[in-house]
>>> print(open('coords-v4.cif').read())   # mmCIF, C-alpha atoms
data_model
#
loop_
_atom_site.label_atom_id
_atom_site.label_comp_id
_atom_site.auth_asym_id
_atom_site.auth_seq_id
_atom_site.Cartn_x
_atom_site.Cartn_y
_atom_site.Cartn_z
CA MET A 86 3.17 -9.57 9.34
CA ARG A 87 6.05 -9.00 7.01
CA GLY A 88 7.89 -5.76 6.43
CA ARG A 89 5.98 -4.93 3.27
CA ASN A 90 2.71 -5.29 5.17
CA TRP A 91 3.88 -2.82 7.82
CA VAL A 92 4.90 -0.37 5.10
CA GLY A 93 1.45 -0.80 3.57
CA VAL A 94 -0.25 -0.07 6.89
CA ALA A 95 1.91 3.04 7.30
CA PHE A 96 0.94 4.20 3.78
CA ILE A 97 -2.74 3.63 4.57
CA PHE A 98 -2.64 5.77 7.71
CA LEU A 99 -0.38 8.49 6.29
CA PHE A 100 -2.32 8.90 3.08
CA LEU A 101 -5.90 8.58 4.27
CA PRO A 102 -8.09 10.85 2.16
CA VAL A 103 -8.91 12.78 5.34
CA ASN A 104 -5.26 13.88 5.52
CA VAL A 105 -5.35 15.80 2.22
CA PRO A 106 -5.39 19.26 3.91
CA LEU A 107 -2.39 18.27 6.03
CA TRP A 108 -0.45 17.17 2.95
CA ASP A 109 -1.40 20.41 1.17
CA ILE A 110 0.12 22.35 4.06
CA ALA A 111 3.23 20.16 4.06
CA PHE A 112 3.72 20.56 0.30
CA GLU A 113 3.25 24.32 0.61
CA LYS A 114 5.89 24.52 3.38
CA LEU A 115 8.33 22.49 1.27
CA ASP A 116 7.67 24.70 -1.80
CA ILE A 117 6.41 21.75 -3.82
CA ASP A 118 3.77 22.73 -6.36
CA ILE A 119 1.66 19.55 -6.18
CA MET A 120 -1.95 19.21 -5.11
CA ALA A 121 -2.35 16.44 -2.56
CA VAL A 122 -5.79 15.61 -3.93
CA PHE A 123 -4.12 13.78 -6.82
CA ILE A 124 -1.26 12.11 -4.92
CA THR A 125 -2.97 10.97 -1.71
CA PRO A 126 -5.53 8.52 -3.16
CA LEU A 127 -2.87 6.85 -5.32
CA LEU A 128 -0.53 6.29 -2.38
CA PHE A 129 -3.47 5.16 -0.23
CA LEU A 130 -4.37 2.52 -2.84
CA PHE A 131 -0.70 1.52 -3.07
CA GLY A 132 -0.73 0.89 0.69
CA ILE A 133 -3.84 -1.26 0.37
CA LEU A 134 -2.15 -3.29 -2.37
CA LEU A 135 0.93 -3.81 -0.20
CA VAL A 136 -1.19 -5.10 2.67
CA PHE A 137 -3.64 -7.35 0.83
CA TYR A 138 -1.86 -8.53 -2.32
CA PRO A 139 0.39 -11.55 -1.64
CA SER A 140 4.08 -11.42 -2.46
CA ARG A 141 5.56 -13.64 -5.18
CA LYS A 142 7.00 -15.97 -2.58
CA ASP A 143 3.61 -16.42 -0.93
CA ARG A 144 1.85 -16.98 -4.26
CA TYR A 145 4.31 -19.67 -5.37
CA GLN A 146 4.01 -21.48 -2.04
CA THR A 147 0.23 -21.45 -2.38
CA ILE A 148 0.36 -22.70 -5.97
CA SER A 149 2.71 -25.57 -5.12
CA SER A 150 0.68 -26.59 -2.07
CA ASN A 151 -2.52 -26.57 -4.18
CA GLN A 152 -0.89 -28.82 -6.77
CA ILE A 153 0.23 -31.26 -4.08
CA ASN A 154 -3.30 -31.37 -2.63
CA GLU A 155 -4.81 -32.02 -6.08
CA GLU A 156 -2.45 -34.91 -6.76
CA GLU A 157 -3.55 -36.72 -3.60
#
>>> encode(input="coords-v4.cif", output="structure tokens")
Amino acid sequence: MRGRNWVGVAFIFLFLPVNVPLWDIAFEKLDIDIMAVFITPLLFLFGILLVFYPSRKDRYQTISSNQINEEE
């Protein structure tokens, strides 16, 4: 796994929808006036994208290898 995949896994576990009450407490302690209900699902989905969506480098390698296989 690459670094971006590990960051994605960390985002997934940190921002699980179950953790919303914990984030509400953390935001309250830090005097941040944000409801975690709105932030947590977005960051959770961002983590999923980091894990499952291929990077540009991986996509271009796949495209070029597919073109080589089609030419044969």
>>> atom_distance(input="coords-v4.cif", atom1="CA of Met120 in chain A", atom2="CA of Gly132 in chain A")
19.3 Å
>>> axis_aligned_box(input="coords-v4.cif", around="range 111-126 of chain A", padding_each_side="6 Å", output="AutoDock Vina command-line options")
--center_x 1.3 --center_y 16.6 --center_z -1.4 --size_x 26.1 --size_y 28.2 --size_z 22.9
>>> residues_around(input="coords-v4.cif", residues="Ala121 in chain A", least_positions_apart="5", cutoff="12 Å", atoms="all atoms listed in the file", output="VMD selection string")
chain A and resid 100 to 113 126 to 129
>>> atom_distance(input="coords-v4.cif", atom1="CA of Leu115 in chain A", atom2="CA of Gly88 in chain A")
28.7 Å
>>> closest_residue(input="coords-v4.cif", among="A:Asn90, A:Val122, A:Ile117, A:Phe96", to="Leu135 in chain A", atoms="all atoms listed in the file")
A:Asn90
>>> atom_distance(input="coords-v4.cif", atom1="CA of Ile119 in chain A", atom2="CA of Phe131 in chain A")
18.4 Å
>>> closest_residue(input="coords-v4.cif", among="A:Arg87, A:Gly93, A:Phe98, A:Lys114", to="Ile133 in chain A", atoms="all atoms listed in the file")
A:Gly93
>>> closest_residue(input="coords-v4.cif", among="A:Ile124, A:Arg89, A:Val94, A:Leu99", to="Ser140 in chain A", atoms="all atoms listed in the file")
A:Arg89
>>> build_atoms(input="coords-v4.cif", residues="range 107-125 of chain A", atoms="N, CA and C atoms", output="compact mmCIF listing (two decimals), in the frame of the given file")
# COMPACT_ATOMS: atom_id res chain seq x y z
N LEU A 107 -3.70 18.29 5.39
CA LEU A 107 -2.39 18.27 6.03
C LEU A 107 -1.26 18.14 5.01
N TRP A 108 -1.47 17.30 3.99
CA TRP A 108 -0.45 17.17 2.95
C TRP A 108 -0.34 18.44 2.12
N ASP A 109 -1.46 19.12 1.89
CA ASP A 109 -1.40 20.41 1.17
C ASP A 109 -0.53 21.40 1.93
N ILE A 110 -0.70 21.45 3.25
CA ILE A 110 0.12 22.35 4.06
C ILE A 110 1.58 21.95 4.01
N ALA A 111 1.85 20.63 4.10
CA ALA A 111 3.23 20.16 4.06
C ALA A 111 3.89 20.47 2.72
N PHE A 112 3.17 20.26 1.62
CA PHE A 112 3.72 20.56 0.30
C PHE A 112 3.96 22.06 0.13
N GLU A 113 3.08 22.86 0.69
CA GLU A 113 3.25 24.32 0.61
C GLU A 113 4.49 24.76 1.39
N LYS A 114 4.71 24.18 2.57
CA LYS A 114 5.89 24.52 3.38
C LYS A 114 7.19 24.10 2.70
N LEU A 115 7.14 22.99 1.95
CA LEU A 115 8.33 22.49 1.27
C LEU A 115 8.50 23.10 -0.12
N ASP A 116 7.65 24.05 -0.48
CA ASP A 116 7.67 24.70 -1.80
C ASP A 116 7.54 23.72 -2.95
N ILE A 117 6.70 22.72 -2.76
CA ILE A 117 6.41 21.75 -3.82
C ILE A 117 5.06 22.12 -4.40
N ASP A 118 5.01 22.29 -5.71
CA ASP A 118 3.77 22.73 -6.36
C ASP A 118 2.97 21.52 -6.85
N ILE A 119 2.47 20.73 -5.88
CA ILE A 119 1.66 19.55 -6.18
C ILE A 119 0.41 19.62 -5.31
N MET A 120 -0.72 19.28 -5.90
CA MET A 120 -1.95 19.21 -5.11
C MET A 120 -2.06 17.80 -4.52
N ALA A 121 -2.28 17.72 -3.24
CA ALA A 121 -2.35 16.44 -2.56
C ALA A 121 -3.58 15.64 -2.95
N VAL A 122 -4.55 16.30 -3.53
CA VAL A 122 -5.79 15.61 -3.93
C VAL A 122 -5.48 14.53 -4.97
N PHE A 123 -4.46 14.74 -5.78
CA PHE A 123 -4.12 13.78 -6.82
C PHE A 123 -3.16 12.70 -6.31
N ILE A 124 -2.30 13.03 -5.39
CA ILE A 124 -1.26 12.11 -4.92
C ILE A 124 -1.79 11.19 -3.82
N THR A 125 -2.55 11.72 -2.89
CA THR A 125 -2.97 10.97 -1.71
C THR A 125 -3.78 9.71 -2.03
